[in-house]
Amino acid sequence: MNTLDRTTKDWQAADAAHFLHPFTDHQALSAKGSRIITRGEGVWLWDSEGQKIFDAMSGLWCVNVGYGRQELIDAATQQLQTLPFYNAFFQTATTPSIALAEKLAQLSPPQFQHVFFSGSGSEGNDTIVRLVRRYWDLQGHPGRHTIISRINAYHGSTMAGASLGGMVDMHAQGGLPIPGIVHIEQPYFAQHAQPGESHDEFGRRAASWLEYKILEVGPDKVAAFIGEPVQGAGGVIIPPDTYWPEIQRICDQYGILLVSDEVICGFGRTGHMFGCERFGVRPDLITFAKGVSSGYIPLGGVLVGDRVARVLIEQGGEFNHGYTYSGHPVACAVALANLGVIEREGLVQRVHDDTGPYLAQQFAALQGHPLVGEAETCGLMGAIRLVRRQATADAPAEPFASSLSVGMVCRGHCFNNGLIMRAVGDRMIIAPPLILTRELIDEMMARIRRCLELTW
Ligand code: PLP
């Protein structure tokens, strides 16, 4: 059938018949049918029924410069015409991949002068596992292979990525985690703070769980600690300001490599170029993806800090690792155009000085709503925890018995009211494009309030 003649129902039938979607219950999908997204412009999407939708999730945390940017389209077209592919293996390179590596070295904290490219964040984190173990092997410590991560972290879907991640539902399928990866609790105040504990006290105590784990595993066996500056897919868990500096101190004390997974937080999401800069930490390695190309084309990688790069380059010989699409020229050309837009439009500064603080004010104003336990933001990411009863002077907020269903009810109202928010248990989360203006924040907030009313 000519694809132009198809109705939404035709597309849904073909979808249910052939397409296995990621993270999807296919029986539920077949019963309801996918929503088919057909077009995007700025922060807006349209579906196959013509409904206009405010995309408060930037696709999947990635379309940071918004939909329909001509510069990115032109960069892809031009590179496809000139050289659609050549690899970076065996002592070859292409000009876009070299130029992007150079650009990333300029934009990142000073200890980062080298980049290893991958096709996605998951592959980037696979590279992390291999790189940190290789580093310790070359340092003469082959027993130092254990990586510590956190429960409810998301580091991707490959075997190593999902093992680094701390999603229990993922670990339950396919025999994860792989050996040599262990987890500590996440710094989630609403779940783990003790009565009367301040945010700062909690942040330091949550960081101390890393030290306990290092001592339990044995300091001479621990290779690295990995964390997202703000846990994204886990529900936008924003740590207290005391957390990361204490993590840094502990890593320094035991000589452990610190890895910042910036697949979501990188390239301006927190109001800083990288999330580690927002929280004042100095990682040895950074994983990136998503925002580097605003999702227009798949691209990811690892920024390799001097401590690791020096050993790898000077002592390592050949690193037996890489992907066909490491440094794909079209992806790199698009990323360069994307970073050009971010710089030219001052998007990181805008989030830092204007839209981030404005969003924080708007979220603070939600606090009086009876459904809202906490409403928190960090730059242009935010979370609203839905509760059955708000906190009083004597008692903490009362959660819903089924956190999953309240989130799904609210998400359903968003879905039907032209707003994409994501539900993670009882947390409704957003990560809108960085091109947001105050007017667009007002528009988004009006939709959020309407959906909260409908859920209440
Ligand atoms: N790391 C983090 C922090 C992520 O949020 C994600 C994806 O959401 C990944 C890694 C995996 O990236 P990808 O889906 O590109 O493999």
# chains A, B, ... in the order shown; residues from 1 in each chain; ligands from 1

$ residues_around --residues "segment 6-10 of chain A" --least-positions-apart "5" --cutoff "8 Å" --atoms "only C-alpha atoms" --output "ChimeraX atom specification"
/A:1,33,36,48-49

$ closest_atom_pairs --of "chain A" --to "ligand 1" --cutoff "10 Å" --atoms "only C-alpha atoms and all ligand atoms" --output "JSON lines"
{"residue": "A:Leu60", "atom": "CA", "partner": "ligand 1", "partner_atom_place_in_ligand_line": "8 (O)", "distance": 6.9}
{"residue": "A:Trp61", "atom": "CA", "partner": "ligand 1", "partner_atom_place_in_ligand_line": "8 (O)", "distance": 7.2}
{"residue": "A:Cys62", "atom": "CA", "partner": "ligand 1", "partner_atom_place_in_ligand_line": "8 (O)", "distance": 8.9}
{"residue": "A:Ser118", "atom": "CA", "partner": "ligand 1", "partner_atom_place_in_ligand_line": "15 (O)", "distance": 9.4}
{"residue": "A:Gly119", "atom": "CA", "partner": "ligand 1", "partner_atom_place_in_ligand_line": "15 (O)", "distance": 7.5}
{"residue": "A:Ser120", "atom": "CA", "partner": "ligand 1", "partner_atom_place_in_ligand_line": "15 (O)", "distance": 3.9}
{"residue": "A:Gly121", "atom": "CA", "partner": "ligand 1", "partner_atom_place_in_ligand_line": "12 (O)", "distance": 3.3}
{"residue": "A:Ser122", "atom": "CA", "partner": "ligand 1", "partner_atom_place_in_ligand_line": "16 (O)", "distance": 3.5}
{"residue": "A:Glu123", "atom": "CA", "partner": "ligand 1", "partner_atom_place_in_ligand_line": "16 (O)", "distance": 6.2}
{"residue": "A:Gly124", "atom": "CA", "partner": "ligand 1", "partner_atom_place_in_ligand_line": "10 (C)", "distance": 7.6}
{"residue": "A:Asn125", "atom": "CA", "partner": "ligand 1", "partner_atom_place_in_ligand_line": "10 (C)", "distance": 6.9}
{"residue": "A:Asp126", "atom": "CA", "partner": "ligand 1", "partner_atom_place_in_ligand_line": "16 (O)", "distance": 9.8}
{"residue": "A:Ala153", "atom": "CA", "partner": "ligand 1", "partner_atom_place_in_ligand_line": "3 (C)", "distance": 7.5}
{"residue": "A:Tyr154", "atom": "CA", "partner": "ligand 1", "partner_atom_place_in_ligand_line": "2 (C)", "distance": 5.3}
{"residue": "A:His155", "atom": "CA", "partner": "ligand 1", "partner_atom_place_in_ligand_line": "1 (N)", "distance": 3.7}
{"residue": "A:Gly156", "atom": "CA", "partner": "ligand 1", "partner_atom_place_in_ligand_line": "11 (C)", "distance": 3.6}
{"residue": "A:Ser157", "atom": "CA", "partner": "ligand 1", "partner_atom_place_in_ligand_line": "16 (O)", "distance": 6.3}
{"residue": "A:Thr158", "atom": "CA", "partner": "ligand 1", "partner_atom_place_in_ligand_line": "16 (O)", "distance": 7.6}
{"residue": "A:Gly161", "atom": "CA", "partner": "ligand 1", "partner_atom_place_in_ligand_line": "10 (C)", "distance": 7.1}
{"residue": "A:Ala162", "atom": "CA", "partner": "ligand 1", "partner_atom_place_in_ligand_line": "11 (C)", "distance": 8.9}
{"residue": "A:Leu164", "atom": "CA", "partner": "ligand 1", "partner_atom_place_in_ligand_line": "1 (N)", "distance": 9.6}
{"residue": "A:Gly165", "atom": "CA", "partner": "ligand 1", "partner_atom_place_in_ligand_line": "1 (N)", "distance": 8.3}
{"residue": "A:Gly227", "atom": "CA", "partner": "ligand 1", "partner_atom_place_in_ligand_line": "3 (C)", "distance": 8.1}
{"residue": "A:Glu228", "atom": "CA", "partner": "ligand 1", "partner_atom_place_in_ligand_line": "3 (C)", "distance": 5.6}
{"residue": "A:Pro229", "atom": "CA", "partner": "ligand 1", "partner_atom_place_in_ligand_line": "3 (C)", "distance": 8.7}
{"residue": "A:Val230", "atom": "CA", "partner": "ligand 1", "partner_atom_place_in_ligand_line": "3 (C)", "distance": 8.5}
{"residue": "A:Gln231", "atom": "CA", "partner": "ligand 1", "partner_atom_place_in_ligand_line": "3 (C)", "distance": 7.0}
{"residue": "A:Gly232", "atom": "CA", "partner": "ligand 1", "partner_atom_place_in_ligand_line": "5 (O)", "distance": 5.9}
{"residue": "A:Ala233", "atom": "CA", "partner": "ligand 1", "partner_atom_place_in_ligand_line": "5 (O)", "distance": 5.7}
{"residue": "A:Gly234", "atom": "CA", "partner": "ligand 1", "partner_atom_place_in_ligand_line": "5 (O)", "distance": 8.7}
{"residue": "A:Ser260", "atom": "CA", "partner": "ligand 1", "partner_atom_place_in_ligand_line": "3 (C)", "distance": 8.9}
{"residue": "A:Asp261", "atom": "CA", "partner": "ligand 1", "partner_atom_place_in_ligand_line": "3 (C)", "distance": 5.4}
{"residue": "A:Glu262", "atom": "CA", "partner": "ligand 1", "partner_atom_place_in_ligand_line": "3 (C)", "distance": 6.0}
{"residue": "A:Val263", "atom": "CA", "partner": "ligand 1", "partner_atom_place_in_ligand_line": "2 (C)", "distance": 4.7}
{"residue": "A:Ile264", "atom": "CA", "partner": "ligand 1", "partner_atom_place_in_ligand_line": "5 (O)", "distance": 5.2}
{"residue": "A:Cys265", "atom": "CA", "partner": "ligand 1", "partner_atom_place_in_ligand_line": "3 (C)", "distance": 7.6}
{"residue": "A:Gly266", "atom": "CA", "partner": "ligand 1", "partner_atom_place_in_ligand_line": "3 (C)", "distance": 9.5}
{"residue": "A:Thr287", "atom": "CA", "partner": "ligand 1", "partner_atom_place_in_ligand_line": "1 (N)", "distance": 7.3}
{"residue": "A:Phe288", "atom": "CA", "partner": "ligand 1", "partner_atom_place_in_ligand_line": "1 (N)", "distance": 7.7}
{"residue": "A:Ala289", "atom": "CA", "partner": "ligand 1", "partner_atom_place_in_ligand_line": "15 (O)", "distance": 5.9}
{"residue": "A:Lys290", "atom": "CA", "partner": "ligand 1", "partner_atom_place_in_ligand_line": "15 (O)", "distance": 6.3}
{"residue": "A:Gly295", "atom": "CA", "partner": "ligand 1", "partner_atom_place_in_ligand_line": "15 (O)", "distance": 9.1}
{"residue": "A:Pro298", "atom": "CA", "partner": "ligand 1", "partner_atom_place_in_ligand_line": "15 (O)", "distance": 7.5}
{"residue": "A:Leu299", "atom": "CA", "partner": "ligand 1", "partner_atom_place_in_ligand_line": "15 (O)", "distance": 7.7}
{"residue": "A:Gly300", "atom": "CA", "partner": "ligand 1", "partner_atom_place_in_ligand_line": "15 (O)", "distance": 6.9}
{"residue": "A:Gly301", "atom": "CA", "partner": "ligand 1", "partner_atom_place_in_ligand_line": "15 (O)", "distance": 9.6}

$ select_by_dssp --residues "segment 239-309 of chain A" --states "helix (DSSP H, G or I)" --output "count of residues only"
23

$ select_by_dssp --residues "segment 29-58 of chain A" --states "strand (DSSP E or B)" --output "JSON list (two decimals) with C-alpha atoms, in the first residue's frame"
[["chain", "number", "residue", "atom", "x", "y", "z"],
["A", 37, "ILE", "CA", 4.38, 11.10, 15.61],
["A", 38, "THR", "CA", 4.66, 12.65, 12.18],
["A", 39, "ARG", "CA", 6.26, 16.08, 12.43],
["A", 40, "GLY", "CA", 8.18, 18.44, 14.72],
["A", 41, "GLU", "CA", 8.94, 22.16, 14.87],
["A", 42, "GLY", "CA", 10.62, 23.93, 17.79],
["A", 44, "TRP", "CA", 6.07, 21.14, 19.19],
["A", 45, "LEU", "CA", 5.18, 17.74, 17.75],
["A", 46, "TRP", "CA", 2.20, 16.68, 15.67],
["A", 47, "ASP", "CA", 0.70, 13.19, 15.59],
["A", 52, "LYS", "CA", -0.33, 19.44, 18.40],
["A", 53, "ILE", "CA", 1.72, 18.36, 21.41],
["A", 54, "PHE", "CA", 4.13, 20.26, 23.68],
["A", 55, "ASP", "CA", 7.19, 18.04, 23.96]]

$ residues_around --residues "Gly268 of chain A" --least-positions-apart "5" --cutoff "9 Å" --atoms "only C-alpha atoms" --output "short mmCIF file (atom, residue, chain, number, x, y, z; two decimals) with C-alpha atoms, in the first residue's frame"
data_model
loop_
_atom_site.label_atom_id
_atom_site.label_comp_id
_atom_site.auth_asym_id
_atom_site.auth_seq_id
_atom_site.Cartn_x
_atom_site.Cartn_y
_atom_site.Cartn_z
CA ASN A 64 17.96 20.17 22.93
CA MET A 273 28.00 22.78 29.71
CA PHE A 274 28.42 19.60 31.80
CA GLY A 275 26.58 18.52 34.93
CA GLY A 291 22.47 16.41 23.38
CA ILE A 342 24.14 26.00 21.23
CA LEU A 347 21.63 28.33 25.21
CA VAL A 348 23.71 27.15 28.17
CA GLN A 349 23.92 30.68 29.56
CA VAL A 351 19.33 28.12 30.97
CA HIS A 352 21.73 29.25 33.70
CA GLY A 379 18.46 23.78 35.03
CA LEU A 380 15.86 22.63 32.53
CA LEU A 434 16.86 24.26 25.80
#

$ atom_distance --atom1 "atom CA of Asp394 of chain A" --atom2 "atom CA of Ala364 of chain A"
21.5 Å

$ closest_residue --among "A:Arg438, A:Ile313, A:Val330, A:Ser58" --to "Gly356 of chain A" --atoms "only C-alpha atoms"
A:Arg438

$ closest_residue --among "A:Thr377, A:Thr242, A:Thr92, A:Thr77" --to "Ala333 of chain A" --atoms "only C-alpha atoms"
A:Thr77

$ residues_around --residues "segment 176-182 of chain A" --least-positions-apart "2" --cutoff "7 Å" --atoms "only C-alpha atoms" --output "list in words"
His145, Thr146, Ile147, Ile148, Ser149, Ala160, Ser163, Leu164, His171, Ala172, Gln173 and Gly174 of chain A

$ write_last_selection --atoms "N, CA and C atoms" --output "PDB file, in the first residue's frame"
ATOM      1  N   HIS A 145      39.199  -4.220  39.189  1.00  0.00           N
ATOM      2  CA  HIS A 145      38.234  -4.219  38.084  1.00  0.00           C
ATOM      3  C   HIS A 145      36.801  -3.896  38.506  1.00  0.00           C
ATOM      4  N   THR A 146      36.553  -3.773  39.799  1.00  0.00           N
ATOM      5  CA  THR A 146      35.160  -3.579  40.228  1.00  0.00           C
ATOM      6  C   THR A 146      34.726  -2.128  40.030  1.00  0.00           C
ATOM      7  N   ILE A 147      33.541  -1.966  39.469  1.00  0.00           N
ATOM      8  CA  ILE A 147      32.984  -0.630  39.274  1.00  0.00           C
ATOM      9  C   ILE A 147      31.759  -0.487  40.180  1.00  0.00           C
ATOM     10  N   ILE A 148      31.718   0.633  40.881  1.00  0.00           N
ATOM     11  CA  ILE A 148      30.584   0.883  41.787  1.00  0.00           C
ATOM     12  C   ILE A 148      29.636   1.874  41.118  1.00  0.00           C
ATOM     13  N   SER A 149      28.361   1.509  41.127  1.00  0.00           N
ATOM     14  CA  SER A 149      27.338   2.375  40.551  1.00  0.00           C
ATOM     15  C   SER A 149      26.208   2.513  41.568  1.00  0.00           C
ATOM     16  N   ALA A 160      26.716  -4.371  29.435  1.00  0.00           N
ATOM     17  CA  ALA A 160      27.508  -3.602  30.399  1.00  0.00           C
ATOM     18  C   ALA A 160      26.726  -2.373  30.872  1.00  0.00           C
ATOM     19  N   SER A 163      24.100  -3.355  33.278  1.00  0.00           N
ATOM     20  CA  SER A 163      24.709  -3.833  34.528  1.00  0.00           C
ATOM     21  C   SER A 163      25.190  -2.656  35.365  1.00  0.00           C
ATOM     22  N   LEU A 164      25.780  -1.669  34.704  1.00  0.00           N
ATOM     23  CA  LEU A 164      26.171  -0.460  35.429  1.00  0.00           C
ATOM     24  C   LEU A 164      24.934   0.214  35.995  1.00  0.00           C
ATOM     25  N   HIS A 171      17.711  -5.765  35.672  1.00  0.00           N
ATOM     26  CA  HIS A 171      18.586  -6.821  36.198  1.00  0.00           C
ATOM     27  C   HIS A 171      17.854  -8.161  36.247  1.00  0.00           C
ATOM     28  N   ALA A 172      16.518  -8.079  36.412  1.00  0.00           N
ATOM     29  CA  ALA A 172      15.745  -9.322  36.539  1.00  0.00           C
ATOM     30  C   ALA A 172      15.654 -10.085  35.220  1.00  0.00           C
ATOM     31  N   GLN A 173      15.999  -9.440  34.115  1.00  0.00           N
ATOM     32  CA  GLN A 173      15.887 -10.115  32.810  1.00  0.00           C
ATOM     33  C   GLN A 173      17.288 -10.305  32.219  1.00  0.00           C
ATOM     34  N   GLY A 174      17.668 -11.554  31.963  1.00  0.00           N
ATOM     35  CA  GLY A 174      18.905 -11.797  31.233  1.00  0.00           C
ATOM     36  C   GLY A 174      20.148 -11.936  32.093  1.00  0.00           C
TER      37      GLY A 174
END

$ closest_residue --among "A:Ala224, A:Arg282, A:His272, A:Ile151" --to "Trp244 of chain A" --atoms "only C-alpha atoms"
A:Arg282

$ decode --residues "segment 70-163 of chain A" --atoms "C-alpha atoms" --output "compact mmCIF listing (two decimals), in the first residue's frame"
# COMPACT_ATOMS: atom_id res chain seq x y z
CA GLN A 70 17.93 23.90 9.16
CA GLU A 71 21.65 24.16 10.09
CA LEU A 72 21.67 20.55 11.26
CA ILE A 73 19.77 19.34 8.22
CA ASP A 74 22.16 21.20 5.90
CA ALA A 75 25.22 19.80 7.70
CA ALA A 76 23.91 16.24 7.26
CA THR A 77 23.00 16.79 3.61
CA GLN A 78 26.35 18.31 2.74
CA GLN A 79 28.32 15.58 4.49
CA LEU A 80 26.20 12.83 2.91
CA GLN A 81 26.99 14.32 -0.49
CA THR A 82 30.72 14.67 0.20
CA LEU A 83 31.50 11.49 2.12
CA PRO A 84 28.65 9.52 3.72
CA PHE A 85 30.94 7.14 5.57
CA TYR A 86 34.47 6.31 6.28
CA ASN A 87 35.79 4.69 9.43
CA ALA A 88 38.28 5.78 12.03
CA PHE A 89 39.94 2.35 12.34
CA PHE A 90 43.48 1.44 11.31
CA GLN A 91 45.00 4.91 11.19
CA THR A 92 42.40 6.70 9.11
CA ALA A 93 40.14 9.61 10.02
CA THR A 94 37.66 12.01 8.45
CA THR A 95 37.67 15.77 8.85
CA PRO A 96 34.32 16.05 10.73
CA SER A 97 35.41 13.49 13.33
CA ILE A 98 38.72 15.30 13.93
CA ALA A 99 36.98 18.68 14.08
CA LEU A 100 34.39 17.39 16.54
CA ALA A 101 37.04 15.84 18.80
CA GLU A 102 38.83 19.19 18.81
CA LYS A 103 35.59 21.08 19.54
CA LEU A 104 34.67 18.76 22.43
CA ALA A 105 38.13 19.24 23.93
CA GLN A 106 37.51 23.01 23.83
CA LEU A 107 34.06 22.83 25.40
CA SER A 108 34.83 20.35 28.19
CA PRO A 109 36.67 20.91 31.48
CA PRO A 110 40.44 21.38 30.96
CA GLN A 111 41.49 17.85 31.95
CA PHE A 112 39.70 16.50 28.85
CA GLN A 113 41.74 16.64 25.66
CA HIS A 114 40.76 13.29 24.12
CA VAL A 115 37.54 11.74 22.85
CA PHE A 116 36.52 8.16 21.99
CA PHE A 117 33.38 8.08 19.80
CA SER A 118 30.54 5.58 19.95
CA GLY A 119 27.11 5.41 18.36
CA SER A 120 25.10 5.79 21.59
CA GLY A 121 25.25 6.32 25.33
CA SER A 122 25.02 2.58 26.01
CA GLU A 123 28.03 1.90 23.79
CA GLY A 124 29.79 4.80 25.49
CA ASN A 125 29.31 3.08 28.84
CA ASP A 126 30.52 -0.24 27.43
CA THR A 127 33.64 1.70 26.44
CA ILE A 128 33.87 3.04 30.00
CA VAL A 129 33.96 -0.49 31.45
CA ARG A 130 36.69 -1.55 29.04
CA LEU A 131 38.67 1.68 29.45
CA VAL A 132 38.78 1.73 33.24
CA ARG A 133 39.77 -1.93 33.42
CA ARG A 134 42.41 -1.40 30.74
CA TYR A 135 43.73 1.59 32.69
CA TRP A 136 44.21 -0.46 35.86
CA ASP A 137 45.73 -3.39 33.93
CA LEU A 138 48.28 -1.00 32.40
CA GLN A 139 48.97 0.44 35.84
CA GLY A 140 49.90 -3.06 37.02
CA HIS A 141 46.70 -3.63 39.04
CA PRO A 142 44.76 -6.30 37.11
CA GLY A 143 42.73 -7.10 40.23
CA ARG A 144 41.29 -3.60 40.27
CA HIS A 145 38.23 -4.22 38.08
CA THR A 146 35.16 -3.58 40.23
CA ILE A 147 32.98 -0.63 39.27
CA ILE A 148 30.58 0.88 41.79
CA SER A 149 27.34 2.37 40.55
CA ARG A 150 23.98 3.24 42.09
CA ILE A 151 20.58 1.64 42.43
CA ASN A 152 18.01 3.24 40.10
CA ALA A 153 20.76 4.67 37.86
CA TYR A 154 20.31 4.34 34.10
CA HIS A 155 23.46 3.80 32.06
CA GLY A 156 21.99 2.12 28.97
CA SER A 157 20.69 -1.14 27.66
CA THR A 158 23.68 -3.17 26.48
CA MET A 159 24.91 -5.89 28.85
CA ALA A 160 27.51 -3.60 30.40
CA GLY A 161 25.27 -0.50 30.31
CA ALA A 162 22.35 -2.27 31.97
CA SER A 163 24.71 -3.83 34.53
